[in-house]
file entry_37.txt (compact mmCIF, N, CA and C atoms)
# COMPACT_ATOMS: atom_id res chain seq x y z
N MET A 1 94.21 94.33 120.32
CA MET A 1 94.08 93.39 119.25
C MET A 1 94.17 91.99 119.85
N PHE A 2 93.38 91.05 119.30
CA PHE A 2 93.33 89.68 119.80
C PHE A 2 93.61 88.71 118.66
N VAL A 3 94.30 87.62 118.99
CA VAL A 3 94.62 86.58 118.02
C VAL A 3 94.14 85.25 118.60
N VAL A 4 93.29 84.53 117.84
CA VAL A 4 92.83 83.21 118.25
C VAL A 4 93.28 82.22 117.19
N ASP A 5 94.20 81.33 117.57
CA ASP A 5 94.70 80.30 116.66
C ASP A 5 95.20 79.14 117.52
N ASP A 6 94.90 77.91 117.12
CA ASP A 6 95.30 76.75 117.92
C ASP A 6 96.76 76.35 117.69
N ASP A 7 97.42 76.93 116.72
CA ASP A 7 98.82 76.61 116.43
C ASP A 7 99.72 77.62 117.14
N ASP A 8 100.54 77.11 118.09
CA ASP A 8 101.41 77.99 118.88
C ASP A 8 102.33 78.84 118.01
N LEU A 9 102.91 78.23 116.98
CA LEU A 9 103.84 78.95 116.11
C LEU A 9 103.15 80.05 115.31
N VAL A 10 101.96 79.77 114.84
CA VAL A 10 101.20 80.78 114.08
C VAL A 10 100.83 81.94 115.00
N ARG A 11 100.35 81.62 116.21
CA ARG A 11 100.02 82.69 117.17
C ARG A 11 101.22 83.57 117.44
N ALA A 12 102.37 82.95 117.69
CA ALA A 12 103.59 83.71 117.98
C ALA A 12 104.01 84.54 116.78
N ALA A 13 103.89 83.99 115.58
CA ALA A 13 104.27 84.73 114.37
C ALA A 13 103.38 85.95 114.15
N ILE A 14 102.07 85.76 114.32
CA ILE A 14 101.14 86.89 114.14
C ILE A 14 101.38 87.94 115.22
N GLN A 15 101.58 87.50 116.46
CA GLN A 15 101.84 88.45 117.54
C GLN A 15 103.14 89.20 117.28
N GLY A 16 104.17 88.51 116.80
CA GLY A 16 105.44 89.16 116.48
C GLY A 16 105.30 90.18 115.37
N MET A 17 104.52 89.83 114.34
CA MET A 17 104.29 90.76 113.23
C MET A 17 103.57 92.01 113.73
N LEU A 18 102.55 91.82 114.56
CA LEU A 18 101.82 92.96 115.10
C LEU A 18 102.71 93.84 115.96
N LYS A 19 103.54 93.20 116.79
CA LYS A 19 104.47 93.95 117.65
C LYS A 19 105.46 94.75 116.81
N SER A 20 105.88 94.18 115.68
CA SER A 20 106.87 94.86 114.83
C SER A 20 106.34 96.17 114.24
N VAL A 21 105.02 96.32 114.19
CA VAL A 21 104.44 97.58 113.71
C VAL A 21 103.80 98.38 114.84
N GLY A 22 104.18 98.02 116.08
CA GLY A 22 103.77 98.80 117.24
C GLY A 22 102.40 98.48 117.80
N LEU A 23 101.84 97.32 117.46
CA LEU A 23 100.52 96.96 117.98
C LEU A 23 100.65 95.92 119.09
N ARG A 24 99.91 96.14 120.15
CA ARG A 24 99.88 95.21 121.28
C ARG A 24 98.79 94.17 121.01
N SER A 25 99.02 92.92 121.39
CA SER A 25 98.00 91.90 121.17
C SER A 25 98.01 90.88 122.30
N GLU A 26 96.87 90.22 122.45
CA GLU A 26 96.73 89.09 123.36
C GLU A 26 96.41 87.89 122.50
N THR A 27 96.93 86.71 122.87
CA THR A 27 96.69 85.53 122.07
C THR A 27 95.96 84.45 122.86
N PHE A 28 95.21 83.63 122.12
CA PHE A 28 94.42 82.56 122.71
C PHE A 28 94.47 81.35 121.80
N GLY A 29 94.46 80.15 122.39
CA GLY A 29 94.52 78.92 121.62
C GLY A 29 93.17 78.40 121.17
N THR A 30 92.10 78.87 121.82
CA THR A 30 90.75 78.42 121.47
C THR A 30 89.77 79.58 121.57
N ALA A 31 88.62 79.40 120.94
CA ALA A 31 87.56 80.40 121.03
C ALA A 31 87.07 80.53 122.47
N GLN A 32 87.02 79.40 123.17
CA GLN A 32 86.55 79.40 124.56
C GLN A 32 87.48 80.22 125.45
N GLU A 33 88.81 80.11 125.25
CA GLU A 33 89.75 80.92 126.03
C GLU A 33 89.49 82.40 125.78
N PHE A 34 89.27 82.75 124.53
CA PHE A 34 88.99 84.15 124.20
C PHE A 34 87.73 84.63 124.91
N LEU A 35 86.67 83.83 124.88
CA LEU A 35 85.41 84.22 125.51
C LEU A 35 85.54 84.38 127.01
N ARG A 36 86.43 83.61 127.64
CA ARG A 36 86.63 83.71 129.09
C ARG A 36 87.48 84.93 129.49
N SER A 37 88.12 85.57 128.52
CA SER A 37 89.02 86.68 128.83
C SER A 37 88.25 87.98 129.06
N LYS A 38 88.90 88.88 129.74
CA LYS A 38 88.36 90.23 129.94
C LYS A 38 88.75 91.06 128.72
N ARG A 39 87.75 91.61 128.04
CA ARG A 39 88.00 92.40 126.85
C ARG A 39 87.63 93.85 127.11
N PRO A 40 88.31 94.78 126.44
CA PRO A 40 87.99 96.20 126.63
C PRO A 40 86.61 96.53 126.06
N ASP A 41 86.04 97.61 126.57
CA ASP A 41 84.73 98.04 126.09
C ASP A 41 84.81 98.72 124.73
N GLY A 42 85.96 99.24 124.38
CA GLY A 42 86.11 99.96 123.12
C GLY A 42 86.37 99.05 121.94
N PRO A 43 86.52 99.64 120.78
CA PRO A 43 86.77 98.88 119.56
C PRO A 43 88.07 98.08 119.64
N SER A 44 88.07 96.94 118.99
CA SER A 44 89.25 96.10 118.92
C SER A 44 89.20 95.29 117.63
N CYS A 45 90.24 94.52 117.41
CA CYS A 45 90.31 93.69 116.22
C CYS A 45 90.61 92.26 116.64
N LEU A 46 89.95 91.30 116.02
CA LEU A 46 90.15 89.90 116.31
C LEU A 46 90.66 89.20 115.05
N VAL A 47 91.87 88.65 115.13
CA VAL A 47 92.41 87.82 114.05
C VAL A 47 92.08 86.39 114.43
N LEU A 48 91.29 85.72 113.61
CA LEU A 48 90.66 84.46 113.98
C LEU A 48 90.98 83.36 112.98
N ASP A 49 91.55 82.26 113.47
CA ASP A 49 91.81 81.10 112.63
C ASP A 49 90.49 80.48 112.19
N VAL A 50 90.40 80.10 110.93
CA VAL A 50 89.18 79.49 110.42
C VAL A 50 89.00 78.08 110.98
N ARG A 51 90.09 77.33 111.11
CA ARG A 51 90.00 75.95 111.59
C ARG A 51 90.49 75.86 113.03
N LEU A 52 89.53 75.93 113.95
CA LEU A 52 89.81 75.83 115.38
C LEU A 52 89.25 74.52 115.92
N PRO A 53 89.82 74.00 117.01
CA PRO A 53 89.20 72.83 117.64
C PRO A 53 87.87 73.23 118.27
N GLY A 54 86.92 72.31 118.25
CA GLY A 54 85.59 72.64 118.78
C GLY A 54 84.81 73.42 117.74
N VAL A 55 84.46 74.64 118.05
CA VAL A 55 83.75 75.50 117.11
C VAL A 55 84.74 76.00 116.05
N ASN A 56 84.34 75.99 114.76
CA ASN A 56 85.27 76.52 113.76
C ASN A 56 85.20 78.05 113.74
N GLY A 57 86.21 78.66 113.16
CA GLY A 57 86.33 80.11 113.19
C GLY A 57 85.19 80.85 112.53
N LEU A 58 84.67 80.31 111.41
CA LEU A 58 83.57 80.97 110.72
C LEU A 58 82.30 80.96 111.56
N ASP A 59 82.00 79.81 112.20
CA ASP A 59 80.83 79.74 113.08
C ASP A 59 81.01 80.65 114.30
N PHE A 60 82.23 80.68 114.84
CA PHE A 60 82.51 81.53 115.99
C PHE A 60 82.33 83.01 115.61
N GLN A 61 82.78 83.38 114.43
CA GLN A 61 82.61 84.75 113.96
C GLN A 61 81.13 85.10 113.90
N ARG A 62 80.33 84.22 113.31
CA ARG A 62 78.88 84.49 113.22
C ARG A 62 78.27 84.61 114.62
N GLU A 63 78.70 83.75 115.54
CA GLU A 63 78.19 83.81 116.91
C GLU A 63 78.51 85.15 117.55
N LEU A 64 79.75 85.60 117.39
CA LEU A 64 80.14 86.89 117.97
C LEU A 64 79.32 88.03 117.40
N LEU A 65 79.10 88.00 116.11
CA LEU A 65 78.37 89.09 115.47
C LEU A 65 76.89 89.11 115.81
N THR A 66 76.31 87.94 116.09
CA THR A 66 74.86 87.89 116.32
C THR A 66 74.47 87.73 117.78
N GLN A 67 75.31 87.08 118.60
CA GLN A 67 74.88 86.75 119.95
C GLN A 67 75.59 87.52 121.04
N VAL A 68 76.79 87.97 120.81
CA VAL A 68 77.52 88.69 121.85
C VAL A 68 77.16 90.16 121.73
N SER A 69 76.36 90.60 122.64
CA SER A 69 75.85 91.97 122.61
C SER A 69 76.97 93.00 122.68
N GLY A 70 76.94 93.94 121.75
CA GLY A 70 77.88 95.05 121.77
C GLY A 70 79.32 94.67 121.50
N PHE A 71 79.56 93.67 120.68
CA PHE A 71 80.95 93.30 120.37
C PHE A 71 81.48 94.26 119.31
N PRO A 72 82.20 95.33 119.74
CA PRO A 72 82.62 96.39 118.81
C PRO A 72 83.97 96.07 118.17
N SER A 73 84.02 95.08 117.31
CA SER A 73 85.30 94.66 116.78
C SER A 73 85.26 94.43 115.29
N SER A 74 86.44 94.49 114.71
CA SER A 74 86.64 94.06 113.34
C SER A 74 87.18 92.64 113.41
N LEU A 75 86.57 91.73 112.66
CA LEU A 75 86.98 90.33 112.67
C LEU A 75 87.74 90.02 111.39
N SER A 76 88.89 89.40 111.53
CA SER A 76 89.73 89.05 110.38
C SER A 76 90.04 87.57 110.40
N PRO A 77 89.23 86.74 109.71
CA PRO A 77 89.53 85.32 109.70
C PRO A 77 90.76 85.00 108.85
N VAL A 78 91.58 84.06 109.32
CA VAL A 78 92.78 83.65 108.58
C VAL A 78 92.79 82.13 108.45
N THR A 79 93.41 81.65 107.39
CA THR A 79 93.51 80.22 107.18
C THR A 79 94.73 79.90 106.33
N GLY A 80 95.22 78.69 106.46
CA GLY A 80 96.31 78.22 105.63
C GLY A 80 95.84 77.18 104.63
N TYR A 81 94.53 77.00 104.50
CA TYR A 81 93.96 75.98 103.64
C TYR A 81 93.26 76.62 102.44
N SER A 82 93.59 76.18 101.24
CA SER A 82 93.04 76.80 100.04
C SER A 82 91.53 76.62 99.93
N ASP A 83 90.97 75.51 100.42
CA ASP A 83 89.52 75.33 100.33
C ASP A 83 88.78 76.31 101.24
N ASP A 84 89.39 76.71 102.37
CA ASP A 84 88.79 77.73 103.22
C ASP A 84 88.79 79.08 102.51
N VAL A 85 89.88 79.39 101.81
CA VAL A 85 89.97 80.65 101.06
C VAL A 85 88.88 80.69 100.00
N LYS A 86 88.69 79.59 99.28
CA LYS A 86 87.65 79.52 98.25
C LYS A 86 86.27 79.74 98.88
N ALA A 87 86.03 79.15 100.03
CA ALA A 87 84.74 79.31 100.71
C ALA A 87 84.52 80.76 101.11
N MET A 88 85.56 81.40 101.65
CA MET A 88 85.42 82.81 102.06
C MET A 88 85.19 83.71 100.85
N LYS A 89 85.89 83.44 99.75
CA LYS A 89 85.71 84.25 98.54
C LYS A 89 84.32 84.08 97.95
N SER A 90 83.71 82.93 98.17
CA SER A 90 82.38 82.69 97.61
C SER A 90 81.28 83.17 98.55
N GLY A 91 81.66 83.86 99.62
CA GLY A 91 80.66 84.47 100.49
C GLY A 91 80.42 83.76 101.80
N ALA A 92 81.28 82.83 102.20
CA ALA A 92 81.08 82.12 103.46
C ALA A 92 81.21 83.05 104.66
N VAL A 93 81.89 84.17 104.52
CA VAL A 93 82.09 85.11 105.62
C VAL A 93 81.26 86.35 105.35
N SER A 94 80.43 86.72 106.31
CA SER A 94 79.69 87.98 106.19
C SER A 94 80.00 88.81 107.42
N SER A 95 80.55 89.99 107.22
CA SER A 95 80.89 90.82 108.37
C SER A 95 80.32 92.19 108.23
call {"tool": "encode", "arguments": {"input": "entry_37.txt", "output": "structure tokens"}}
result
Amino acid sequence: MFVVDDDDLVRAAIQGMLKSVGLRSETFGTAQEFLRSKRPDGPSCLVLDVRLPGVNGLDFQRELLTQVSGFPSSLSPVTGYSDDVKAMKSGAVSS
């Protein structure tokens, strides 16, 4: 499982929550750090902040789904902003 969030405290909190239910995770502060990492060939899950520095999480999600060949993952965008939630509910995220 992978977590991409630019907030250190949020990354640590999500990683701690995952660990508490027995899941191992790797964390990254930016989308670019995640892309530079070695990822397993099998299925995985990416918890992705919607508001990232540089590329935003929604655009990064679309890029992964369309341009990264064979990305066998479930993507879970997260946000702390109500306007992002409204955008996602209205169809901004397609997975």
call {"tool": "atom_distance", "arguments": {"input": "entry_37.txt", "atom1": "atom N of A:Glu63", "atom2": "atom CA of A:Met1"}}
result
18.5 Å
call {"tool": "atom_distance", "arguments": {"input": "entry_37.txt", "atom1": "atom C of A:Val4", "atom2": "atom C of A:Val55"}}
result
10.6 Å
call {"tool": "closest_residue", "arguments": {"input": "entry_37.txt", "among": "A:Thr27, A:Ser37, A:Thr66, A:Gln32", "to": "A:Pro53", "atoms": "all atoms listed in the file"}}
result
A:Gln32
call {"tool": "atom_distance", "arguments": {"input": "entry_37.txt", "atom1": "atom CA of A:Phe2", "atom2": "atom CA of A:Gly16"}}
result
12.6 Å
call {"tool": "closest_residue", "arguments": {"input": "entry_37.txt", "among": "A:Gly29, A:Arg11, A:Arg62, A:Asp5", "to": "A:Asp49", "atoms": "all atoms listed in the file"}}
result
A:Asp5
call {"tool": "closest_residue", "arguments": {"input": "entry_37.txt", "among": "A:Ser25, A:Thr30, A:Met17, A:Asp41", "to": "A:Gly54", "atoms": "all atoms listed in the file"}}
result
A:Thr30
